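> File upload.csv below, CSV, C-alpha atoms and all ligand atoms:
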chain,number,residue,atom,x,y,z
U,24,MET,CA,-48.2,159.5,7.4
U,25,LYS,CA,-50.6,156.7,8.0
U,26,PHE,CA,-54.3,156.2,7.5
U,27,THR,CA,-56.4,157.9,10.2
U,28,PRO,CA,-57.4,155.3,12.9
U,29,LEU,CA,-61.0,155.1,11.7
U,30,ILE,CA,-60.0,154.4,8.2
U,31,GLN,CA,-57.4,151.9,9.3
U,32,GLU,CA,-60.0,150.1,11.4
U,33,LEU,CA,-62.4,150.1,8.4
U,34,ILE,CA,-59.7,148.6,6.1
U,35,ASP,CA,-58.7,146.0,8.8
U,36,SER,CA,-62.4,145.1,9.1
U,37,PHE,CA,-62.7,144.5,5.4
U,38,LYS,CA,-59.7,142.1,5.6
U,39,ILE,CA,-61.9,139.8,7.6
U,40,LEU,CA,-63.9,139.0,4.5
U,41,PRO,CA,-62.9,135.8,2.5
U,42,GLY,CA,-60.7,136.6,-0.5
U,43,VAL,CA,-60.0,140.2,0.6
U,44,GLY,CA,-56.4,141.2,0.9
U,45,PRO,CA,-54.8,144.5,2.0
U,46,LYS,CA,-55.1,146.2,-1.4
U,47,SER,CA,-58.7,145.2,-2.0
U,48,ALA,CA,-59.7,146.2,1.6
U,49,GLN,CA,-58.2,149.6,1.0
U,50,ARG,CA,-60.0,150.0,-2.3
U,51,MET,CA,-63.3,149.0,-0.6
U,52,ALA,CA,-62.8,151.5,2.2
U,53,PHE,CA,-61.9,154.4,0.0
U,54,GLN,CA,-64.5,153.6,-2.7
U,55,LEU,CA,-67.3,153.6,-0.1
U,56,LEU,CA,-66.1,156.7,1.7
U,57,GLU,CA,-65.5,158.7,-1.5
U,58,GLN,CA,-68.3,157.6,-3.7
U,59,ASN,CA,-70.9,155.5,-1.9
U,60,GLN,CA,-71.6,156.5,1.7
U,61,THR,CA,-75.2,155.4,1.2
U,62,GLY,CA,-73.9,151.9,0.2
U,63,ALA,CA,-71.7,151.9,3.3
U,64,ALA,CA,-74.6,152.7,5.5
U,65,ARG,CA,-76.7,150.0,3.8
U,66,LEU,CA,-74.0,147.4,4.4
U,67,ALA,CA,-73.6,148.3,8.0
U,68,LYS,CA,-77.3,148.0,8.5
U,69,ALA,CA,-77.6,144.7,6.7
U,70,LEU,CA,-74.9,143.2,8.8
U,71,GLN,CA,-76.5,144.3,12.0
U,72,THR,CA,-80.0,143.3,11.0
U,73,ALA,CA,-78.7,139.9,9.9
U,74,LEU,CA,-76.8,139.4,13.2
U,75,SER,CA,-79.8,140.2,15.3
U,76,GLY,CA,-82.5,138.7,13.1
U,77,ILE,CA,-81.1,135.4,11.8
U,78,CYS,CA,-81.1,132.4,14.1
U,79,LYS,CA,-80.8,128.7,13.5
U,80,CYS,CA,-83.9,126.6,12.8
U,81,LYS,CA,-84.6,124.4,15.8
U,82,ILE,CA,-85.2,121.4,13.6
U,83,CYS,CA,-82.6,121.5,10.9
U,84,ARG,CA,-80.1,124.1,12.1
U,85,ASN,CA,-80.3,126.1,8.8
U,86,PHE,CA,-80.3,129.9,9.0
U,87,SER,CA,-83.8,131.1,9.6
U,88,GLU,CA,-85.7,134.2,10.6
U,89,GLN,CA,-88.2,132.1,12.6
U,90,GLU,CA,-87.8,129.3,15.2
U,91,ASN,CA,-88.7,126.8,12.5
U,92,CYS,CA,-87.5,127.5,8.9
U,93,PRO,CA,-89.9,127.5,5.9
U,94,VAL,CA,-88.6,124.1,4.8
U,95,CYS,CA,-89.2,122.4,8.1
U,96,SER,CA,-92.6,124.0,8.2
U,97,GLU,CA,-93.7,122.3,5.0
U,98,LEU,CA,-95.7,119.2,6.0
U,99,THR,CA,-95.0,117.2,2.9
U,100,ARG,CA,-91.2,117.5,3.4
U,101,VAL,CA,-91.5,116.4,7.0
U,102,GLU,CA,-93.8,113.5,6.1
U,103,SER,CA,-91.4,112.3,3.4
U,104,GLY,CA,-89.3,111.0,6.2
U,105,GLN,CA,-86.2,111.9,4.2
U,106,VAL,CA,-83.5,114.0,5.8
U,107,CYS,CA,-80.6,115.2,3.7
U,108,VAL,CA,-77.5,116.0,5.8
U,109,VAL,CA,-75.3,118.8,4.4
U,110,ALA,CA,-72.4,120.8,5.7
U,111,THR,CA,-73.6,124.3,4.9
U,112,PRO,CA,-76.7,126.5,4.1
U,113,SER,CA,-75.2,127.0,0.6
U,114,ASP,CA,-75.4,123.3,0.1
U,115,VAL,CA,-79.2,123.4,0.8
U,116,LEU,CA,-79.6,126.0,-1.9
U,117,ALA,CA,-77.6,124.1,-4.4
U,118,ILE,CA,-79.6,120.9,-3.8
U,119,GLU,CA,-82.9,122.8,-3.9
U,120,GLU,CA,-81.9,124.2,-7.3
U,121,THR,CA,-81.7,120.7,-8.8
U,122,GLY,CA,-85.4,120.1,-8.1
U,123,HIS,CA,-84.5,116.4,-7.4
U,124,TYR,CA,-85.2,116.4,-3.7
U,125,HIS,CA,-88.3,117.2,-1.7
U,126,GLY,CA,-87.5,116.1,1.8
U,127,ARG,CA,-86.1,118.2,4.6
U,128,TYR,CA,-82.5,118.9,5.6
U,129,PHE,CA,-80.1,118.8,8.5
U,130,VAL,CA,-77.4,121.4,8.3
U,131,LEU,CA,-74.2,120.6,10.2
U,132,MET,CA,-72.7,124.1,9.8
U,133,GLY,CA,-69.3,122.4,9.4
U,134,LEU,CA,-67.7,119.0,9.4
U,135,LEU,CA,-66.0,116.9,12.0
U,136,SER,CA,-62.5,118.3,12.6
U,137,PRO,CA,-61.1,117.4,15.9
U,138,LEU,CA,-57.9,119.4,15.4
U,139,ASP,CA,-60.0,122.5,15.0
U,140,GLY,CA,-62.2,121.7,18.0
U,141,VAL,CA,-65.2,120.7,15.9
U,142,GLY,CA,-66.7,117.6,17.4
U,143,PRO,CA,-70.2,116.0,17.2
U,144,GLU,CA,-71.6,118.6,19.6
U,145,GLU,CA,-70.6,121.6,17.5
U,146,LEU,CA,-72.4,120.0,14.5
U,147,GLY,CA,-75.6,119.5,16.5
U,148,LEU,CA,-75.4,115.7,16.2
U,149,ASP,CA,-77.2,115.2,19.5
U,150,LEU,CA,-80.2,116.9,17.9
U,151,LEU,CA,-80.0,114.6,14.9
U,152,ALA,CA,-79.7,111.6,17.2
U,153,GLN,CA,-82.9,112.7,19.0
U,154,GLN,CA,-84.7,112.9,15.6
U,155,LEU,CA,-83.3,109.4,14.6
U,156,SER,CA,-84.4,107.8,17.9
U,157,ALA,CA,-87.8,109.4,17.7
U,158,GLY,CA,-88.3,107.4,14.5
U,159,GLN,CA,-89.2,110.4,12.4
U,160,ILE,CA,-86.5,109.7,9.8
U,161,SER,CA,-86.9,106.9,7.3
U,162,GLU,CA,-84.0,107.8,5.1
U,163,LEU,CA,-80.9,109.8,6.0
U,164,ILE,CA,-79.2,111.1,2.8
U,165,LEU,CA,-75.6,112.0,3.4
U,166,ALA,CA,-74.5,114.9,1.1
U,167,THR,CA,-71.3,115.8,2.9
U,168,PRO,CA,-68.5,116.7,0.6
U,169,PRO,CA,-66.1,113.9,-0.6
U,170,SER,CA,-63.1,115.0,1.5
U,171,ILE,CA,-61.3,113.5,4.5
U,172,GLU,CA,-63.4,115.5,6.9
U,173,GLY,CA,-66.6,114.9,4.9
U,174,ASP,CA,-66.0,111.2,4.8
U,175,ALA,CA,-65.2,111.1,8.6
U,176,THR,CA,-68.5,113.0,9.3
U,177,ALA,CA,-70.5,110.7,7.0
U,178,TYR,CA,-69.0,107.6,8.7
U,179,TYR,CA,-69.8,109.0,12.2
U,180,ILE,CA,-73.4,109.7,11.2
U,181,THR,CA,-73.8,106.3,9.6
U,182,ASP,CA,-72.7,104.8,12.8
U,183,MET,CA,-75.2,106.9,14.8
U,184,ALA,CA,-78.1,105.6,12.6
U,185,LYS,CA,-77.0,101.9,13.0
U,186,ASP,CA,-79.6,100.9,15.6
U,187,THR,CA,-82.5,102.9,14.2
U,188,THR,CA,-85.0,102.2,11.5
U,189,ALA,CA,-83.5,104.9,9.2
U,190,LYS,CA,-81.8,103.8,6.1
U,191,VAL,CA,-78.7,105.7,5.3
U,192,SER,CA,-77.8,106.7,1.7
U,193,GLN,CA,-75.0,108.8,0.2
U,194,LEU,CA,-74.9,110.9,-2.9
U,195,ALA,CA,-73.7,108.9,-5.9
U,196,GLN,CA,-70.1,109.3,-7.1
U,197,GLY,CA,-70.1,112.1,-9.6
U,198,VAL,CA,-69.5,114.7,-7.0
U,199,PRO,CA,-65.9,115.7,-7.9
U,200,MET,CA,-63.3,115.0,-5.4
U,201,GLY,CA,-62.3,117.9,-3.2
U,202,GLY,CA,-65.2,120.0,-4.5
U,203,ASP,CA,-67.7,121.9,-2.5
U,204,ILE,CA,-71.2,120.7,-2.9
U,205,SER,CA,-72.4,124.3,-3.4
U,206,ASN,CA,-70.1,124.8,-6.4
U,207,ILE,CA,-71.3,121.9,-8.4
U,208,ASP,CA,-73.6,122.6,-11.4
U,209,SER,CA,-77.1,121.6,-10.7
U,210,ARG,CA,-77.2,118.9,-13.5
U,211,THR,CA,-74.3,117.0,-12.0
U,212,LEU,CA,-75.7,117.3,-8.6
U,213,GLY,CA,-79.1,116.2,-9.7
U,214,HIS,CA,-77.6,113.0,-11.2
U,215,ALA,CA,-75.6,112.4,-8.0
U,216,PHE,CA,-78.9,112.6,-6.2
U,217,SER,CA,-80.8,110.1,-8.4
U,218,GLY,CA,-77.9,107.7,-8.2
U,219,ARG,CA,-77.4,107.8,-4.5
U,220,LYS,CA,-76.5,104.5,-2.9
U,221,PHE,CA,-77.6,103.0,0.3
U,222,ILE,CA,-74.9,102.2,2.7
U,223,GLU,CA,-74.6,98.8,4.3
U,224,GLN,CA,-75.2,99.1,8.0
U,225,SER,CA,-73.4,96.4,9.9
T,27,MET,CA,-86.4,128.0,-2.0
T,28,LYS,CA,-84.6,131.3,-1.8
T,29,PHE,CA,-82.4,132.9,0.7
T,30,THR,CA,-84.3,134.5,3.6
T,31,PRO,CA,-84.9,138.2,3.1
T,32,LEU,CA,-82.2,139.2,5.7
T,33,ILE,CA,-79.6,137.0,4.1
T,34,GLN,CA,-80.5,138.2,0.6
T,35,GLU,CA,-80.2,141.8,1.7
T,36,LEU,CA,-76.8,141.1,3.2
T,37,ILE,CA,-75.7,139.5,0.0
T,38,ASP,CA,-77.0,142.4,-2.1
T,39,SER,CA,-75.2,144.8,0.2
T,40,PHE,CA,-71.9,143.0,-0.3
T,41,LYS,CA,-72.3,143.4,-4.0
T,42,ILE,CA,-71.9,147.1,-3.5
T,43,LEU,CA,-68.3,146.6,-2.8
T,44,PRO,CA,-65.8,147.0,-5.8
T,45,GLY,CA,-64.8,143.7,-7.3
T,46,VAL,CA,-67.5,141.7,-5.5
T,47,GLY,CA,-69.8,139.7,-7.7
T,48,PRO,CA,-72.8,137.5,-6.7
T,49,LYS,CA,-70.7,134.4,-5.9
T,50,SER,CA,-68.2,136.3,-3.7
T,51,ALA,CA,-71.0,138.2,-2.0
T,52,GLN,CA,-72.8,135.0,-1.1
T,53,ARG,CA,-69.5,133.5,0.2
T,54,MET,CA,-68.9,136.6,2.3
T,55,ALA,CA,-72.4,136.6,3.8
T,56,PHE,CA,-72.3,132.9,4.7
T,57,GLN,CA,-68.8,132.9,6.0
T,58,LEU,CA,-69.5,135.7,8.4
T,59,LEU,CA,-72.8,134.2,9.6
T,60,GLU,CA,-71.4,130.7,9.9
T,61,GLN,CA,-67.9,131.3,11.2
T,62,ASN,CA,-67.3,134.9,12.1
T,63,GLN,CA,-70.2,136.8,13.7
T,64,THR,CA,-67.7,138.8,15.8
T,65,GLY,CA,-66.1,139.9,12.5
T,66,ALA,CA,-69.4,140.8,11.1
T,67,ALA,CA,-70.2,143.0,14.1
T,68,ARG,CA,-66.8,144.5,13.9
T,69,LEU,CA,-67.3,145.4,10.2
T,70,ALA,CA,-70.7,146.9,10.9
T,71,LYS,CA,-69.3,149.0,13.7
T,72,ALA,CA,-66.3,150.1,11.6
T,73,LEU,CA,-68.5,151.2,8.8
T,74,GLN,CA,-70.8,153.3,11.1
T,75,THR,CA,-68.0,154.8,13.0
T,76,ALA,CA,-66.2,155.8,9.8
T,77,LEU,CA,-69.4,157.3,8.4
T,78,SER,CA,-70.0,159.4,11.4
T,79,GLY,CA,-66.4,160.2,12.4
T,80,ILE,CA,-64.7,160.9,9.1
T,81,CYS,CA,-65.1,164.3,7.5
T,82,LYS,CA,-63.1,166.2,4.9
T,83,CYS,CA,-60.2,168.5,6.0
T,84,LYS,CA,-61.3,172.2,5.5
T,85,ILE,CA,-57.9,173.0,3.9
T,86,CYS,CA,-57.0,170.0,1.7
T,87,ARG,CA,-60.3,168.1,1.4
T,88,ASN,CA,-58.5,164.8,2.4
T,89,PHE,CA,-60.3,162.5,4.8
T,90,SER,CA,-59.8,163.6,8.4
T,91,GLU,CA,-61.1,163.0,11.8
T,92,GLN,CA,-60.6,166.7,12.7
T,93,GLU,CA,-61.5,169.9,10.9
T,94,ASN,CA,-57.9,170.3,9.8
T,95,CYS,CA,-56.0,167.1,9.0
T,96,PRO,CA,-52.6,166.2,10.6
T,97,VAL,CA,-50.8,167.1,7.3
T,98,CYS,CA,-52.3,170.6,7.1
T,99,SER,CA,-51.6,171.1,10.8
T,100,GLU,CA,-47.8,170.7,10.2
T,101,LEU,CA,-46.4,174.2,10.0
T,102,THR,CA,-43.4,173.3,7.9
T,103,ARG,CA,-45.6,171.8,5.3
T,104,VAL,CA,-47.8,174.9,5.1
T,105,GLU,CA,-44.8,177.2,5.1
T,106,SER,CA,-43.2,175.3,2.2
T,107,GLY,CA,-45.8,176.9,0.0
T,108,GLN,CA,-46.0,173.7,-2.0
T,109,VAL,CA,-49.3,172.2,-2.7
T,110,CYS,CA,-49.6,168.8,-4.5
T,111,VAL,CA,-52.9,168.3,-6.2
T,112,VAL,CA,-54.1,164.7,-6.3
T,113,ALA,CA,-57.2,162.9,-7.3
T,114,THR,CA,-57.7,160.6,-4.2
T,115,PRO,CA,-56.6,160.1,-0.6
T,116,SER,CA,-54.8,156.9,-1.7
T,117,ASP,CA,-52.6,159.1,-3.9
T,118,VAL,CA,-51.6,161.1,-0.9
T,119,LEU,CA,-50.4,157.9,0.9
T,120,ALA,CA,-48.5,156.7,-2.2
T,121,ILE,CA,-46.7,160.0,-2.4
T,122,GLU,CA,-45.9,160.2,1.3
T,123,GLU,CA,-44.4,156.7,1.0
T,124,THR,CA,-41.8,158.0,-1.5
T,125,GLY,CA,-40.4,160.4,1.1
T,126,HIS,CA,-39.7,162.9,-1.7
T,127,TYR,CA,-42.3,165.5,-0.8
T,128,HIS,CA,-42.8,167.6,2.2
T,129,GLY,CA,-45.4,170.1,1.3
T,130,ARG,CA,-49.1,169.9,1.7
T,131,TYR,CA,-51.8,168.5,-0.5
T,132,PHE,CA,-55.1,169.3,-2.2
T,133,VAL,CA,-57.3,166.3,-2.7
T,134,LEU,CA,-59.8,166.6,-5.5
T,135,MET,CA,-61.7,163.4,-4.6
T,136,GLY,CA,-62.2,162.8,-8.3
T,137,LEU,CA,-61.4,164.3,-11.7
T,138,LEU,CA,-63.3,166.6,-14.0
T,139,SER,CA,-65.9,164.5,-15.8
T,140,PRO,CA,-68.7,166.6,-17.2
T,141,LEU,CA,-70.6,163.6,-18.5
T,142,ASP,CA,-70.7,162.1,-14.9
T,143,GLY,CA,-71.7,165.5,-13.5
T,144,VAL,CA,-68.3,166.1,-12.0
T,145,GLY,CA,-67.4,169.8,-12.5
T,146,PRO,CA,-65.0,172.2,-10.8
T,147,GLU,CA,-67.4,172.6,-7.9
T,148,GLU,CA,-67.5,168.9,-7.0
T,149,LEU,CA,-63.7,168.9,-6.9
T,150,GLY,CA,-63.6,171.9,-4.5
T,151,LEU,CA,-61.8,174.0,-7.0
T,152,ASP,CA,-63.4,177.2,-5.6
T,153,LEU,CA,-61.5,176.4,-2.3
T,154,LEU,CA,-58.2,175.9,-4.3
T,155,ALA,CA,-58.9,179.2,-6.1
T,156,GLN,CA,-59.3,181.0,-2.8
T,157,GLN,CA,-56.0,179.6,-1.6
T,158,LEU,CA,-54.3,180.6,-4.8
T,159,SER,CA,-55.6,184.2,-4.7
T,160,ALA,CA,-54.6,184.5,-1.0
T,161,GLY,CA,-51.0,184.1,-2.2
T,162,GLN,CA,-50.3,181.1,0.2
T,163,ILE,CA,-49.2,178.9,-2.6
T,164,SER,CA,-45.8,179.3,-4.3
T,165,GLU,CA,-45.9,176.0,-6.2
T,166,LEU,CA,-48.8,173.9,-7.4
T,167,ILE,CA,-47.6,170.4,-8.2
T,168,LEU,CA,-50.1,168.6,-10.4
T,169,ALA,CA,-50.1,164.8,-9.7
T,170,THR,CA,-53.3,164.0,-11.5
T,171,PRO,CA,-53.2,160.7,-13.4
T,172,PRO,CA,-52.2,160.7,-17.0
T,173,SER,CA,-55.6,160.1,-18.5
T,174,ILE,CA,-58.0,162.1,-20.6
T,175,GLU,CA,-59.8,163.2,-17.4
T,176,GLY,CA,-56.6,163.7,-15.5
T,177,ASP,CA,-55.2,165.9,-18.2
T,178,ALA,CA,-58.4,167.9,-18.6
T,179,THR,CA,-58.3,168.5,-14.8
T,180,ALA,CA,-54.6,169.5,-14.9
T,181,TYR,CA,-55.3,171.9,-17.8
T,182,TYR,CA,-58.2,173.5,-15.9
T,183,ILE,CA,-56.2,174.0,-12.7
T,184,THR,CA,-53.2,175.4,-14.7
T,185,ASP,CA,-55.5,177.9,-16.2
T,186,MET,CA,-56.9,178.8,-12.7
T,187,ALA,CA,-53.3,179.6,-11.5
T,188,LYS,CA,-52.5,181.8,-14.5
T,189,ASP,CA,-52.9,185.2,-12.9
T,190,THR,CA,-51.5,184.2,-9.5
T,191,THR,CA,-47.9,184.1,-8.2
T,192,ALA,CA,-48.0,180.3,-8.0
T,193,LYS,CA,-45.8,178.3,-10.3
T,194,VAL,CA,-47.4,175.2,-11.7
T,195,SER,CA,-45.5,172.0,-12.2
T,196,GLN,CA,-46.4,168.5,-13.1
T,197,LEU,CA,-45.0,165.1,-12.2
T,198,ALA,CA,-42.3,164.0,-14.7
T,199,GLN,CA,-43.2,161.4,-17.3
T,200,GLY,CA,-42.4,158.1,-15.9
T,201,VAL,CA,-45.9,157.7,-14.5
T,202,PRO,CA,-47.3,155.0,-16.8
T,203,MET,CA,-50.1,155.9,-19.1
T,204,GLY,CA,-53.5,155.0,-17.8
T,205,GLY,CA,-52.2,154.0,-14.4
T,206,ASP,CA,-53.5,155.0,-11.1
T,207,ILE,CA,-51.0,157.1,-9.1
T,208,SER,CA,-51.7,155.0,-6.0
T,209,ASN,CA,-50.6,151.8,-7.8
T,210,ILE,CA,-47.2,152.9,-8.8
T,211,ASP,CA,-44.2,151.6,-6.9
T,212,SER,CA,-42.7,154.3,-4.7
T,213,ARG,CA,-39.3,154.4,-6.5
T,214,THR,CA,-40.9,155.2,-9.9
T,215,LEU,CA,-43.1,157.7,-8.2
T,216,GLY,CA,-40.2,159.2,-6.4
T,217,HIS,CA,-38.3,159.7,-9.7
T,218,ALA,CA,-41.3,161.3,-11.2
T,219,PHE,CA,-41.4,163.7,-8.3
T,220,SER,CA,-37.8,164.7,-8.6
T,221,GLY,CA,-38.1,165.2,-12.4
T,222,ARG,CA,-41.3,167.2,-12.3
T,223,LYS,CA,-41.5,170.0,-14.9
T,224,PHE,CA,-42.8,173.5,-14.6
T,225,ILE,CA,-45.5,174.3,-17.0
T,226,GLU,CA,-45.4,177.4,-19.2
T,227,GLN,CA,-48.1,179.7,-18.1
T,228,SER,CA,-49.2,181.9,-21.0
O,301,ZN,ZN,-85.4,124.0,9.4
O,302,ZN,ZN,-55.7,168.8,5.3
Let me see the structure of the file written as structure tokens.
Ligand SMILES: [Zn+2]
Ligand SMILES: [Zn+2]


Amino acid sequence: MKFTPLIQELIDSFKILPGVGPKSAQRMAFQLLEQNQTGAARLAKALQTALSGICKCKICRNFSEQENCPVCSELTRVESGQVCVVATPSDVLAIEETGHYHGRYFVLMGLLSPLDGVGPEELGLDLLAQQLSAGQISELILATPPSIEGDATAYYITDMAKDTTAKVSQLAQGVPMGGDISNIDSRTLGHAFSGRKFIEQS
Amino acid sequence: MKFTPLIQELIDSFKILPGVGPKSAQRMAFQLLEQNQTGAARLAKALQTALSGICKCKICRNFSEQENCPVCSELTRVESGQVCVVATPSDVLAIEETGHYHGRYFVLMGLLSPLDGVGPEELGLDLLAQQLSAGQISELILATPPSIEGDATAYYITDMAKDTTAKVSQLAQGVPMGGDISNIDSRTLGHAFSGRKFIEQS
């Protein structure tokens, strides 16, 4: 005997989630069906509403429910001329929690990784280039994670900004090697922000 | 800055799942939105199809996609006269995997727990009583877990079978105390099946 096809498909679908193996997926499926069908319906609806209702901000590429996200709609942030470049939406939240930064963001939604087919286009770097050449950015703060891909991405963006008026800075050392920006406690991250260094642009 | 309402609702919905805390829920939401929207759509659909397509078998109460589940539709299982009483659908699968048992099942979908409002009615014991008094059951094998609630449930069912022709047996000791039936390796569980003991019915 096997699971019925509908249950098997539900279990297989749960396995899509990060950190969920076969045993957990099975537990999730049975627990919802046995004890929490209301919860199951809520999760299904939340997924669908999110998929249809969430787009990317046309300015910063962060998840948004409007064309321009709330951050990019704040005049003081735009007028600061500061743009912090991060890999993921979670990084934006982690930086906001430090209270150290009041500019706007640019969310790459990834890092350069040629082997995985992630090039400058996938990260929206043409959009960032436009914003740079339009002269709207006075400081580009690179908050990509300290990893091979993070460093390659930071290097690429630094090069993009070379012939513009934008200064390029990078979060101070203090961000632990190999760590995700979004997992760093906000005090450490706050210090890294204050101590950011400007990068020599040759 | 907070998450947008749709993302927050998605995160909160993931927290419904067993073993998923705030951090994991956030990771799940962002990972699906950033990297696997196809997977998100698949999970949403699987949840909805399961909710609308899965019912309980009218004979054994196990999850089924038809009125009578495949197990209850097998004539040899029905004619065996053996009915194994288990707490959950996962227990059915674990027992099937041993290959030691060829009768049918009765799935309680829980255990007696008066404080949580789970009484005989919630476990479908009126249906089991009907089957007992109809004389269709020659042996009732109790495979409820060895816990306070499992023992109370087994005791209650033994009492129900008292004035019927059904013999009542219980899985042999060997099932570890406090363990879930579905988490036991199939060899141990197979031994417990072979060594099941008949219970004195006063
Ligand atoms: Zn934006
Ligand atoms: Zn059945």

> Show me a table, sorted first by chain and then by increasing residue number, of the residues of chain T having an atom at most 7 Å from chain U, each with its shortest atom pair and the distance in Å to one decimal, counting only C-alpha atoms and written as CSV.


residue,atom,partner,partner_atom,distance
T:Met27,CA,U:Glu119,CA,6.5
T:Thr30,CA,U:Ser87,CA,6.9
T:Leu32,CA,U:Ala73,CA,5.5
T:Ile33,CA,U:Ala73,CA,6.5
T:Glu35,CA,U:Ala69,CA,6.3
T:Leu36,CA,U:Ala69,CA,5.1
T:Ser39,CA,U:Leu66,CA,5.1
T:Phe40,CA,U:Leu66,CA,6.8
T:Ile42,CA,U:Gly62,CA,6.4
T:Leu43,CA,U:Met51,CA,6.0
T:Pro44,CA,U:Met51,CA,6.1
T:Met54,CA,U:Leu40,CA,6.0
T:Glu60,CA,U:Met132,CA,6.7
T:Gly65,CA,U:Ile39,CA,6.5
T:Ala66,CA,U:Leu70,CA,6.4
T:Ala67,CA,U:Gln71,CA,6.8
T:Arg68,CA,U:Ser36,CA,6.5
T:Leu69,CA,U:Ser36,CA,5.0
T:Ala70,CA,U:Ala67,CA,4.3
T:Ala72,CA,U:Leu33,CA,5.0
T:Leu73,CA,U:Ala67,CA,5.9
T:Gln74,CA,U:Ala67,CA,6.5
T:Ala76,CA,U:Leu29,CA,5.6
T:Ser90,CA,U:Thr27,CA,6.9
T:Glu122,CA,U:Met24,CA,6.6
T:Met135,CA,U:Glu57,CA,6.8

> Report as JSON lines: every residue of chain U with an atom at most 6 Å from ligand ZN 301 (chain O), its closest pair of atoms, and their distance in Å to one decimal, counting all atoms listed in the file, with rows sorted by chain and ascending residue number.


{"residue": "U:Cys80", "atom": "CA", "partner": "O:ZN301", "partner_atom": "ZN", "distance": 4.5}
{"residue": "U:Ile82", "atom": "CA", "partner": "O:ZN301", "partner_atom": "ZN", "distance": 4.9}
{"residue": "U:Cys83", "atom": "CA", "partner": "O:ZN301", "partner_atom": "ZN", "distance": 4.0}
{"residue": "U:Arg84", "atom": "CA", "partner": "O:ZN301", "partner_atom": "ZN", "distance": 5.9}
{"residue": "U:Asn85", "atom": "CA", "partner": "O:ZN301", "partner_atom": "ZN", "distance": 5.5}
{"residue": "U:Asn91", "atom": "CA", "partner": "O:ZN301", "partner_atom": "ZN", "distance": 5.3}
{"residue": "U:Cys92", "atom": "CA", "partner": "O:ZN301", "partner_atom": "ZN", "distance": 4.1}
{"residue": "U:Val94", "atom": "CA", "partner": "O:ZN301", "partner_atom": "ZN", "distance": 5.6}
{"residue": "U:Cys95", "atom": "CA", "partner": "O:ZN301", "partner_atom": "ZN", "distance": 4.3}

> Using all atoms listed in the file, determine which residues lie at most 12 Å from U:Leu135, disregarding the query and same-chain residues fewer than 2 positions distant; provide the list as a ChimeraX atom specification.

/U:110,131-133,137-148,167-168,170-180

> Distance atom CA of T:Val133-atom CA of T:Glu100, one decimal place?

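Pair atom CA of T:Val133 / atom CA of T:Glu100 returns 16.6 Å.
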
> What is the atom CA of U:Phe129-atom CA of U:Ile204 distance in Å, reported with one decimal?

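Taking atom CA of U:Phe129 as the start and atom CA of U:Ile204 as the end point, the length is 14.6 Å.
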
> Work out how far atom CA of U:His125 is from atom CA of U:Thr99, in Å to one decimal.

8.1 Å

> Which one is closest to ligand ZN 302 (chain O): T:Tyr131, T:Asp117, T:Gly47, T:Thr191? Count only C-alpha atoms and all ligand atoms.

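Of T:Tyr131, T:Asp117, T:Gly47, T:Thr191, the one nearest ligand ZN 302 (chain O) is T:Tyr131, counting only C-alpha atoms and all ligand atoms.
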
> Rank nothing, just name the residue among U:His214, U:Arg219, U:Lys81, U:His123 nearest to U:Ile164, using all atoms listed in the file.

U:Arg219
